[in-house]
file coords30.txt (compact mmCIF, C-alpha atoms)
# COMPACT_ATOMS: atom_id res chain seq x y z
CA MET A 1 50.17 21.26 8.12
CA ILE A 2 47.01 19.20 7.61
CA THR A 3 46.73 16.25 5.23
CA ALA A 4 43.61 16.51 3.05
CA SER A 5 41.95 14.90 0.04
CA TYR A 6 41.27 17.41 -2.74
CA PHE A 7 38.77 17.09 -5.62
CA ASP A 8 38.85 19.78 -8.27
CA GLY A 9 35.12 19.45 -9.14
CA ARG A 10 35.77 18.53 -12.76
CA ASN A 11 36.57 14.82 -12.41
CA ALA A 12 36.61 12.14 -9.73
CA ARG A 13 40.39 12.03 -9.33
CA LEU A 14 41.60 12.33 -5.73
CA HIS A 15 44.60 14.54 -4.96
CA THR A 16 46.41 14.18 -1.65
CA VAL A 17 47.51 17.65 -0.55
CA ARG A 18 48.90 19.49 2.45
CA LEU A 19 46.62 22.20 3.76
CA THR A 20 47.87 25.23 5.69
CA LEU A 21 46.04 28.15 7.26
CA ARG A 22 47.90 31.42 6.79
CA ASP A 23 47.02 35.09 6.35
CA GLY A 24 43.29 34.53 6.06
CA ALA A 25 43.60 31.89 3.35
CA PHE A 26 43.77 28.12 2.82
CA THR A 27 46.80 26.97 0.85
CA LEU A 28 46.75 23.54 -0.83
CA ILE A 29 50.01 22.03 -2.08
CA GLY A 30 50.53 18.52 -3.42
CA GLY A 31 51.47 16.85 -6.71
CA ASP A 32 50.36 19.16 -9.51
CA ILE A 33 47.99 21.07 -7.19
CA ALA A 34 48.87 24.53 -5.91
CA LYS A 35 45.77 26.45 -4.88
CA ALA A 36 44.85 29.15 -2.41
CA TYR A 37 41.36 30.10 -1.21
CA GLY A 38 40.41 32.98 1.01
CA PHE A 39 38.37 32.10 4.08
CA ASP A 40 35.38 33.87 2.48
CA GLU A 41 35.61 31.49 -0.53
CA VAL A 42 35.21 28.33 1.54
CA ARG A 43 32.22 26.92 3.38
CA MET A 44 32.31 24.12 5.97
CA ALA A 45 29.57 21.52 5.61
CA GLU A 46 27.82 20.30 8.74
CA PRO A 47 30.45 18.28 10.63
CA PHE A 48 29.80 14.80 11.99
CA ALA A 49 31.77 13.22 14.82
CA HIS A 50 33.15 10.22 12.91
CA ALA A 51 33.09 11.55 9.34
CA PRO A 52 35.61 13.64 7.39
CA CYS A 53 35.28 17.40 7.59
CA ILE A 54 34.09 18.75 4.21
CA LEU A 55 35.27 22.11 2.88
CA GLU A 56 33.33 23.36 -0.16
CA CYS A 57 35.03 25.93 -2.37
CA GLN A 58 33.37 28.56 -4.57
CA ASP A 59 34.85 27.11 -7.77
CA GLY A 60 33.21 23.71 -7.15
CA ALA A 61 36.25 22.03 -5.64
CA ARG A 62 36.13 20.38 -2.23
CA CYS A 63 38.52 19.14 0.44
CA GLU A 64 38.00 16.29 2.86
CA VAL A 65 39.95 16.38 6.12
CA SER A 66 39.94 13.27 8.27
CA GLU A 67 42.35 14.31 11.05
CA PRO A 68 40.18 14.67 14.19
CA GLY A 69 42.32 17.44 15.66
CA ALA A 70 42.09 19.54 12.51
CA LYS A 71 38.31 19.93 12.55
CA ALA A 72 38.28 22.38 15.45
CA ALA A 73 41.02 24.50 13.87
CA LEU A 74 39.18 24.66 10.56
CA ALA A 75 35.88 25.54 12.24
CA ALA A 76 37.57 28.30 14.24
CA ALA A 77 39.30 29.72 11.17
CA LEU A 78 36.03 29.86 9.23
CA GLY A 79 33.98 31.08 12.18
CA TYR A 80 31.69 28.08 11.79
CA ARG A 81 28.61 28.14 14.02
CA PRO A 82 26.20 25.21 14.12
CA SER A 83 22.75 25.99 12.76
CA ALA A 84 19.69 25.88 15.01
CA VAL A 85 18.74 22.45 13.61
CA VAL A 86 22.19 21.07 14.42
CA ARG A 87 22.00 22.48 17.93
CA TRP A 88 18.54 20.98 18.44
CA GLN A 89 19.83 17.57 17.33
CA ARG A 90 22.13 17.55 20.31
CA HIS A 91 19.18 17.57 22.73
CA TRP A 92 17.10 14.40 23.00
CA TYR A 93 13.88 16.26 23.79
CA ALA A 94 14.18 18.40 20.66
CA ALA A 95 14.90 15.33 18.53
CA LEU A 96 11.91 13.53 20.07
CA ALA A 97 9.63 16.51 19.39
CA ALA A 98 10.82 16.64 15.76
CA LEU A 99 10.19 12.92 15.39
CA LEU A 100 6.67 13.26 16.79
CA LEU A 101 5.92 16.18 14.49
CA LEU A 102 7.22 14.21 11.51
CA GLY A 103 5.08 11.22 12.46
CA ALA A 104 2.00 13.41 12.87
CA GLY A 105 2.63 15.06 9.53
CA LEU A 106 3.06 11.74 7.74
CA TYR A 107 -0.03 10.28 9.39
CA GLY A 108 -2.13 13.29 8.44
CA THR A 109 -0.87 13.19 4.87
CA VAL A 110 -1.61 9.48 4.43
CA GLU A 111 -4.87 9.50 6.37
CA TRP A 112 -6.47 12.61 4.88
CA GLY A 113 -4.32 14.07 2.14
CA VAL A 114 -3.80 10.95 0.03
CA PRO A 115 -7.50 9.95 -0.09
CA VAL A 116 -8.55 13.43 -1.22
CA VAL A 117 -5.91 13.58 -3.96
CA ALA A 118 -6.60 9.99 -5.05
CA GLU A 119 -10.34 10.60 -5.35
CA ARG A 120 -9.68 13.58 -7.59
CA VAL A 121 -7.24 11.57 -9.70
CA VAL A 122 -9.71 8.72 -10.15
CA ALA A 123 -12.56 11.12 -10.91
CA GLY A 124 -10.51 12.44 -13.80
CA LEU A 125 -9.72 9.02 -15.26
CA PRO A 126 -11.90 7.78 -18.13
CA SER A 127 -13.58 4.38 -18.00
CA SER A 128 -11.06 3.18 -20.57
CA ALA A 129 -8.46 3.18 -17.77
CA ASP A 130 -10.61 0.69 -15.81
CA VAL A 131 -10.94 -1.47 -18.90
CA ALA A 132 -7.22 -1.45 -19.63
CA LEU A 133 -6.24 -2.28 -16.05
CA GLY A 134 -8.86 -5.01 -15.82
CA LYS A 135 -7.68 -6.58 -19.08
CA GLN A 136 -4.04 -6.64 -17.97
CA THR A 137 -4.99 -8.08 -14.58
CA LEU A 138 -7.11 -10.83 -16.08
CA GLU A 139 -4.35 -11.81 -18.52
CA ALA A 140 -1.92 -12.18 -15.63
CA LEU A 141 -4.42 -14.19 -13.56
CA GLU A 142 -5.31 -16.49 -16.45
CA THR A 143 -1.62 -17.19 -17.05
CA ARG A 144 -0.39 -17.63 -13.50
CA VAL A 145 -3.31 -18.32 -11.16
CA PHE A 146 -6.48 -19.60 -12.80
CA ALA A 147 -7.30 -22.91 -14.41
CA PRO A 148 -10.44 -23.76 -16.40
CA SER A 149 -13.49 -24.46 -14.27
CA ARG A 150 -14.29 -28.09 -13.55
CA MET A 151 -17.99 -27.39 -13.08
CA SER A 152 -20.49 -29.08 -15.38
CA ASP A 153 -22.27 -27.13 -18.09
CA GLU A 154 -25.51 -27.43 -16.11
CA ARG A 155 -23.88 -26.02 -13.00
CA LEU A 156 -22.29 -23.16 -14.98
CA ALA A 157 -25.72 -22.36 -16.42
CA ASP A 158 -27.21 -22.25 -12.91
CA ILE A 159 -24.46 -19.83 -11.78
CA ALA A 160 -25.05 -17.66 -14.85
CA SER A 161 -28.78 -17.50 -14.12
CA VAL A 162 -28.13 -16.30 -10.57
CA PHE A 163 -25.76 -13.67 -11.95
CA GLU A 164 -28.35 -12.46 -14.47
CA GLY A 165 -30.87 -12.17 -11.68
CA VAL A 166 -28.68 -9.97 -9.50
CA ARG A 167 -27.08 -7.88 -12.26
CA PRO A 168 -28.29 -4.24 -12.15
CA ALA A 169 -30.22 -2.95 -15.15
CA HIS A 170 -27.83 -0.07 -15.80
CA PRO A 171 -24.35 -0.90 -14.46
CA ARG A 172 -21.51 1.62 -14.56
CA LEU A 173 -19.59 -0.73 -16.88
CA PRO A 174 -20.72 -3.81 -18.82
CA LEU A 175 -20.57 -6.78 -16.42
CA ARG A 176 -19.58 -10.33 -17.26
CA LEU A 177 -19.14 -13.46 -15.16
CA LEU A 178 -16.29 -15.97 -15.29
CA VAL A 179 -16.01 -19.19 -13.30
CA ARG A 180 -12.46 -20.40 -12.77
CA ASP A 181 -10.63 -23.02 -10.74
CA MET A 182 -7.86 -22.01 -8.33
CA PRO A 183 -6.28 -25.35 -7.38
CA GLY A 184 -5.17 -25.54 -3.78
CA GLN A 185 -6.64 -22.15 -2.86
CA PRO A 186 -9.53 -21.37 -0.49
CA PRO A 187 -12.93 -20.23 -1.82
CA ASN A 188 -12.80 -16.83 -3.45
CA ALA A 189 -14.61 -14.33 -5.63
CA LEU A 190 -13.22 -11.11 -7.03
CA ALA A 191 -14.07 -8.14 -9.21
CA LEU A 192 -11.75 -6.61 -11.79
CA PRO A 193 -11.86 -2.90 -12.72
CA ASP A 194 -13.34 -3.59 -16.15
CA GLY A 195 -16.52 -5.20 -14.77
CA THR A 196 -15.35 -8.83 -14.88
CA ILE A 197 -16.69 -10.82 -11.92
CA ILE A 198 -14.85 -14.04 -11.13
CA VAL A 199 -16.09 -16.78 -8.81
CA THR A 200 -14.00 -19.87 -8.14
CA ASP A 201 -15.01 -23.52 -8.17
CA ALA A 202 -14.12 -23.72 -4.48
CA MET A 203 -16.60 -20.95 -3.67
CA VAL A 204 -19.35 -22.73 -5.61
CA ARG A 205 -18.57 -26.02 -3.86
CA LEU A 206 -18.67 -24.31 -0.48
CA ILE A 207 -22.12 -22.91 -1.26
CA MET A 208 -23.51 -26.13 -2.73
CA ASP A 209 -24.86 -28.80 -0.38
CA HIS A 210 -24.07 -31.67 -2.75
CA GLY A 211 -27.48 -31.38 -4.38
CA ALA A 212 -28.21 -31.64 -8.07
CA ASN A 213 -29.61 -28.12 -8.16
CA PHE A 214 -29.14 -24.96 -6.16
CA SER A 215 -31.56 -24.65 -3.27
CA ALA A 216 -33.17 -21.30 -2.51
CA ARG A 217 -30.73 -20.79 0.33
CA GLU A 218 -27.74 -21.55 -1.91
CA ARG A 219 -29.01 -19.23 -4.62
CA ALA A 220 -29.36 -16.46 -2.01
CA GLN A 221 -25.78 -17.04 -0.87
CA LEU A 222 -24.39 -16.97 -4.41
CA ALA A 223 -26.49 -13.91 -5.24
CA GLY A 224 -25.04 -12.16 -2.20
CA VAL A 225 -21.48 -12.98 -3.21
CA LEU A 226 -22.04 -11.73 -6.74
CA ALA A 227 -23.82 -8.58 -5.55
CA HIS A 228 -20.89 -7.86 -3.25
CA GLU A 229 -18.45 -8.08 -6.16
CA ILE A 230 -20.69 -5.95 -8.36
CA GLY A 231 -20.57 -3.40 -5.54
CA HIS A 232 -16.80 -3.22 -5.97
CA VAL A 233 -17.22 -2.45 -9.67
CA GLU A 234 -19.94 0.12 -9.11
CA GLY A 235 -17.84 1.82 -6.43
CA ARG A 236 -14.76 1.79 -8.66
CA HIS A 237 -12.88 0.36 -5.71
CA SER A 238 -10.02 -1.22 -7.65
CA MET A 239 -9.06 2.06 -9.29
CA ARG A 240 -9.33 3.92 -6.00
CA ILE A 241 -7.10 1.40 -4.25
CA PHE A 242 -4.63 1.57 -7.12
CA ALA A 243 -4.49 5.39 -7.02
CA ARG A 244 -4.10 5.57 -3.25
CA SER A 245 -1.46 2.86 -3.14
CA ALA A 246 0.46 4.54 -5.97
CA LEU A 247 0.45 7.87 -4.12
CA VAL A 248 1.60 6.27 -0.85
CA THR A 249 4.31 4.34 -2.70
CA MET A 250 5.60 7.48 -4.41
CA GLY A 251 5.62 9.33 -1.10
CA SER A 252 7.41 6.48 0.67
CA GLY A 253 9.97 6.27 -2.10
CA ALA A 254 10.63 10.01 -1.92
CA LEU A 255 11.04 9.79 1.84
CA PHE A 256 13.18 6.65 2.05
CA GLY A 257 14.84 6.72 -1.38
CA ASP A 258 17.03 3.66 -1.88
CA PHE A 259 17.54 3.26 1.87
CA SER A 260 15.19 0.31 2.07
CA ALA A 261 12.81 -1.05 -0.54
CA VAL A 262 10.93 -2.88 2.19
CA ALA A 263 10.52 0.26 4.28
CA ALA A 264 9.27 2.15 1.25
CA GLY A 265 6.82 -0.57 0.22
CA ALA A 266 5.39 -1.56 3.61
CA PRO A 267 3.41 1.65 4.22
CA ALA A 268 1.74 1.36 0.84
CA LEU A 269 0.84 -2.28 1.44
CA LEU A 270 -0.59 -1.70 4.89
CA LYS A 271 -2.49 1.39 3.79
CA SER A 272 -3.96 -0.31 0.73
CA MET A 273 -5.18 -3.15 2.95
CA GLU A 274 -6.86 -0.64 5.23
CA TYR A 275 -8.60 1.02 2.31
CA SER A 276 -9.68 -2.36 1.05
CA ARG A 277 -11.19 -3.08 4.47
CA ALA A 278 -13.34 0.07 4.24
CA MET A 279 -14.34 -0.70 0.66
CA GLU A 280 -15.33 -4.24 1.60
CA SER A 281 -17.82 -2.68 4.00
CA ASP A 282 -19.11 -0.44 1.18
CA ALA A 283 -19.54 -3.48 -1.06
CA ASP A 284 -21.40 -5.27 1.74
CA ALA A 285 -23.77 -2.31 1.98
CA TYR A 286 -24.32 -2.44 -1.80
CA ALA A 287 -25.05 -6.19 -1.60
CA ILE A 288 -27.56 -5.67 1.20
CA ALA A 289 -29.39 -2.99 -0.76
CA ARG A 290 -29.39 -5.08 -3.94
CA LEU A 291 -30.67 -8.23 -2.24
CA GLN A 292 -33.37 -6.28 -0.42
CA ALA A 293 -34.46 -4.72 -3.71
CA LEU A 294 -34.80 -8.23 -5.16
CA GLY A 295 -36.64 -9.55 -2.08
CA ILE A 296 -33.81 -11.96 -1.22
CA SER A 297 -32.96 -12.65 2.42
CA THR A 298 -29.49 -11.64 3.54
CA ALA A 299 -29.41 -14.18 6.39
CA PRO A 300 -27.98 -17.02 4.25
CA LEU A 301 -25.04 -14.79 3.31
CA ALA A 302 -24.27 -14.35 7.02
CA GLN A 303 -24.11 -18.14 7.30
CA LEU A 304 -21.76 -18.27 4.32
CA PHE A 305 -19.31 -15.93 6.09
CA THR A 306 -19.19 -18.37 8.99
CA ALA A 307 -18.44 -21.20 6.56
CA LEU A 308 -15.75 -19.10 4.86
CA GLU A 309 -14.07 -18.47 8.19
CA ALA A 310 -13.83 -22.21 8.73
CA THR A 311 -11.88 -22.56 5.46
CA ALA A 312 -9.34 -19.87 6.42
CA PRO A 313 -5.91 -20.90 7.75
CA PRO A 314 -6.18 -21.67 11.47
CA ASP A 315 -4.88 -18.97 13.81
CA ARG A 316 -6.12 -20.41 17.07
CA LEU A 317 -2.55 -21.09 18.16
CA LEU A 318 -1.86 -17.35 18.13
CA PRO A 319 -2.38 -15.36 21.33
CA LYS A 320 -5.63 -13.44 21.49
CA TRP A 321 -3.86 -10.07 21.41
CA MET A 322 -2.13 -11.05 18.17
CA ARG A 323 -5.33 -12.23 16.50
CA THR A 324 -6.97 -8.94 17.47
CA GLY A 325 -4.05 -6.90 16.18
CA MET A 326 -3.95 -8.77 12.88
CA SER A 327 -7.61 -7.92 12.26
CA TYR A 328 -6.58 -4.29 11.78
CA VAL A 329 -4.46 -5.15 8.75
CA SER A 330 -6.94 -7.64 7.33
CA SER A 331 -8.39 -6.71 3.94
CA HIS A 332 -11.86 -7.72 5.16
CA PRO A 333 -13.85 -6.59 8.21
CA ALA A 334 -14.21 -9.12 11.03
CA THR A 335 -16.45 -12.07 10.11
CA GLN A 336 -18.65 -11.64 13.17
CA GLU A 337 -19.18 -7.99 12.31
CA ARG A 338 -20.20 -8.77 8.75
CA SER A 339 -22.46 -11.65 9.74
CA ALA A 340 -24.27 -9.46 12.25
CA ARG A 341 -24.78 -6.77 9.61
CA PHE A 342 -26.33 -9.21 7.14
CA ARG A 343 -28.50 -10.86 9.78
CA ALA A 344 -29.79 -7.48 10.93
CA ALA A 345 -30.66 -6.53 7.34
CA THR A 346 -32.61 -9.67 6.47
CA LYS A 347 -36.24 -9.30 5.41
CA ALA A 348 -37.32 -12.88 4.88
CA PRO A 349 -37.31 -15.46 7.71
CA GLU A 350 -34.56 -18.02 7.37
CA GLU A 351 -37.05 -20.87 7.61
CA ALA A 352 -38.51 -19.89 4.25
CA LEU A 353 -35.19 -20.73 2.60
CA ASP A 354 -34.76 -24.22 4.05
CA ASP A 355 -35.85 -26.09 0.92
call {"tool": "encode", "arguments": {"input": "coords30.txt", "output": "structure tokens"}}
result
Amino acid sequence: MITASYFDGRNARLHTVRLTLRDGAFTLIGGDIAKAYGFDEVRMAEPFAHAPCILECQDGARCEVSEPGAKAALAAALGYRPSAVVRWQRHWYAALAALLLLGAGLYGTVEWGVPVVAERVVAGLPSSADVALGKQTLEALETRVFAPSRMSDERLADIASVFEGVRPAHPRLPLRLLVRDMPGQPPNALALPDGTIIVTDAMVRLIMDHGANFSARERAQLAGVLAHEIGHVEGRHSMRIFARSALVTMGSGALFGDFSAVAAGAPALLKSMEYSRAMESDADAYAIARLQALGISTAPLAQLFTALEATAPPDRLLPKWMRTGMSYVSSHPATQERSARFRAATKAPEEALDD
């Protein structure tokens, strides 16, 4: 006799029964339960070493047997034979090969499959989707992050004039400029999907050299920053990042389920940062082309990147290998790389901008 837990498949009530194997059938007796199943009406689920043995019956009922010695008898009675997958799991080399194949499949899907699907998704989205997402994002930023600019009206007018000078004649979406303060935060500028370009007071102060008016060099730096952000809008980068991240998140959730929210979210975060890194380079290329079309030197913008690096949190205490590794998950390409690109693209000599 084997002690088992019986569930009739209609409710969650557990019945403790005695199970016997006799004349090609399982007999279950206990309480108000008296059932018999032929061996051909029962299937054994894949057994695990330290888990109950599960017997699944054709009528939806199931038995759980926890006695270690009973598992072998039940398997023999049912003629259970492990599947090929179960047999492979027992060999470390087969498990390692499966893990490598899984990793390669996931990498290929994220690296090549997701971008292709995301581009098609974004191509099918109307511009109204960009506008709606940009509006919602700005509302959240205005409530939780931004404060009104502390710049004077004259300074705001100067910034607006630089923006008007660099704005393309026929943008993909109507563009507008906002200047906002982000207390306690480093210099920043950003583009929202709806064509809103935001530059912070800290960025303006970093560019300014305490003069009453923008110098030619400072105007070139601000123009480069604004052109870079316009490049994000023209390239529809925000929507592309959103689509790719959403696809990676859905895939991670399907793979991990509720096992770990962190595990499911981390791949999407890291992948979206990588995409952002590539798109930053695209926006740099747009800024270079725009400044060259306007006859503005790109060399001052290279100098601005050096100044921006000085405002970033210090990482000099980190080992070199760690600083190098962290650059791969940075949302921006390396500062030296970007500075070199802008210096190489300059048309006008730097000395002409030293007024």
call {"tool": "residues_around", "arguments": {"input": "coords30.txt", "residues": "region 293-295 of chain A", "least_positions_apart": "2", "cutoff": "12 Å", "atoms": "all atoms listed in the file", "output": "short mmCIF file (atom, residue, chain, number, x, y, z; two decimals) with C-alpha atoms, in the frame of the given file"}}
result
data_model
loop_
_atom_site.label_atom_id
_atom_site.label_comp_id
_atom_site.auth_asym_id
_atom_site.auth_seq_id
_atom_site.Cartn_x
_atom_site.Cartn_y
_atom_site.Cartn_z
CA VAL A 162 -28.13 -16.30 -10.57
CA GLY A 165 -30.87 -12.17 -11.68
CA VAL A 166 -28.68 -9.97 -9.50
CA ARG A 167 -27.08 -7.88 -12.26
CA PRO A 168 -28.29 -4.24 -12.15
CA ALA A 220 -29.36 -16.46 -2.01
CA ALA A 223 -26.49 -13.91 -5.24
CA GLY A 224 -25.04 -12.16 -2.20
CA ALA A 227 -23.82 -8.58 -5.55
CA TYR A 286 -24.32 -2.44 -1.80
CA ALA A 287 -25.05 -6.19 -1.60
CA ILE A 288 -27.56 -5.67 1.20
CA ALA A 289 -29.39 -2.99 -0.76
CA ARG A 290 -29.39 -5.08 -3.94
CA LEU A 291 -30.67 -8.23 -2.24
CA SER A 297 -32.96 -12.65 2.42
CA THR A 298 -29.49 -11.64 3.54
CA ALA A 345 -30.66 -6.53 7.34
CA THR A 346 -32.61 -9.67 6.47
CA LYS A 347 -36.24 -9.30 5.41
CA ALA A 348 -37.32 -12.88 4.88
CA PRO A 349 -37.31 -15.46 7.71
#
call {"tool": "atom_distance", "arguments": {"input": "coords30.txt", "atom1": "CA of Gly24 (chain A)", "atom2": "CA of Arg87 (chain A)"}}
result
27.2 Å
call {"tool": "residues_near_point", "arguments": {"input": "coords30.txt", "point": "(-24.0, -13.8, 8.0)", "cutoff": "8 Å", "atoms": "all atoms listed in the file", "output": "list in words"}}
result
Thr298, Ala299, Pro300, Leu301, Ala302, Gln303, Leu304, Phe305, Thr306, Gln336, Arg338, Ser339, Ala340, Arg341, Phe342 and Arg343 of chain A
call {"tool": "atom_distance", "arguments": {"input": "coords30.txt", "atom1": "CA of Asp40 (chain A)", "atom2": "CA of Glu67 (chain A)"}}
result
22.5 Å
call {"tool": "closest_residue", "arguments": {"input": "coords30.txt", "among": "A:Leu141, A:Val248, A:Leu28, A:Cys53", "to": "Thr16 (chain A)", "atoms": "all atoms listed in the file"}}
result
A:Leu28
call {"tool": "residues_near_point", "arguments": {"input": "coords30.txt", "point": "(-17.2, -6.6, -7.0)", "cutoff": "7 Å", "atoms": "only C-alpha atoms", "output": "VMD selection string"}}
result
chain A and resid 190 to 191 197 228 to 233
call {"tool": "residues_around", "arguments": {"input": "coords30.txt", "residues": "Arg172 (chain A)", "least_positions_apart": "5", "cutoff": "9 Å", "atoms": "all atoms listed in the file", "output": "PDB file with C-alpha atoms, in the coordinates of the input"}}
result
ATOM      1  CA  GLY A 195     -16.520  -5.200 -14.770  1.00  0.00           C
ATOM      2  CA  VAL A 233     -17.220  -2.450  -9.670  1.00  0.00           C
ATOM      3  CA  GLU A 234     -19.940   0.120  -9.110  1.00  0.00           C
ATOM      4  CA  GLY A 235     -17.840   1.820  -6.430  1.00  0.00           C
ATOM      5  CA  ARG A 236     -14.760   1.790  -8.660  1.00  0.00           C
TER       6      ARG A 236
END
call {"tool": "atom_distance", "arguments": {"input": "coords30.txt", "atom1": "CA of Ala49 (chain A)", "atom2": "CA of Tyr93 (chain A)"}}
result
20.2 Å
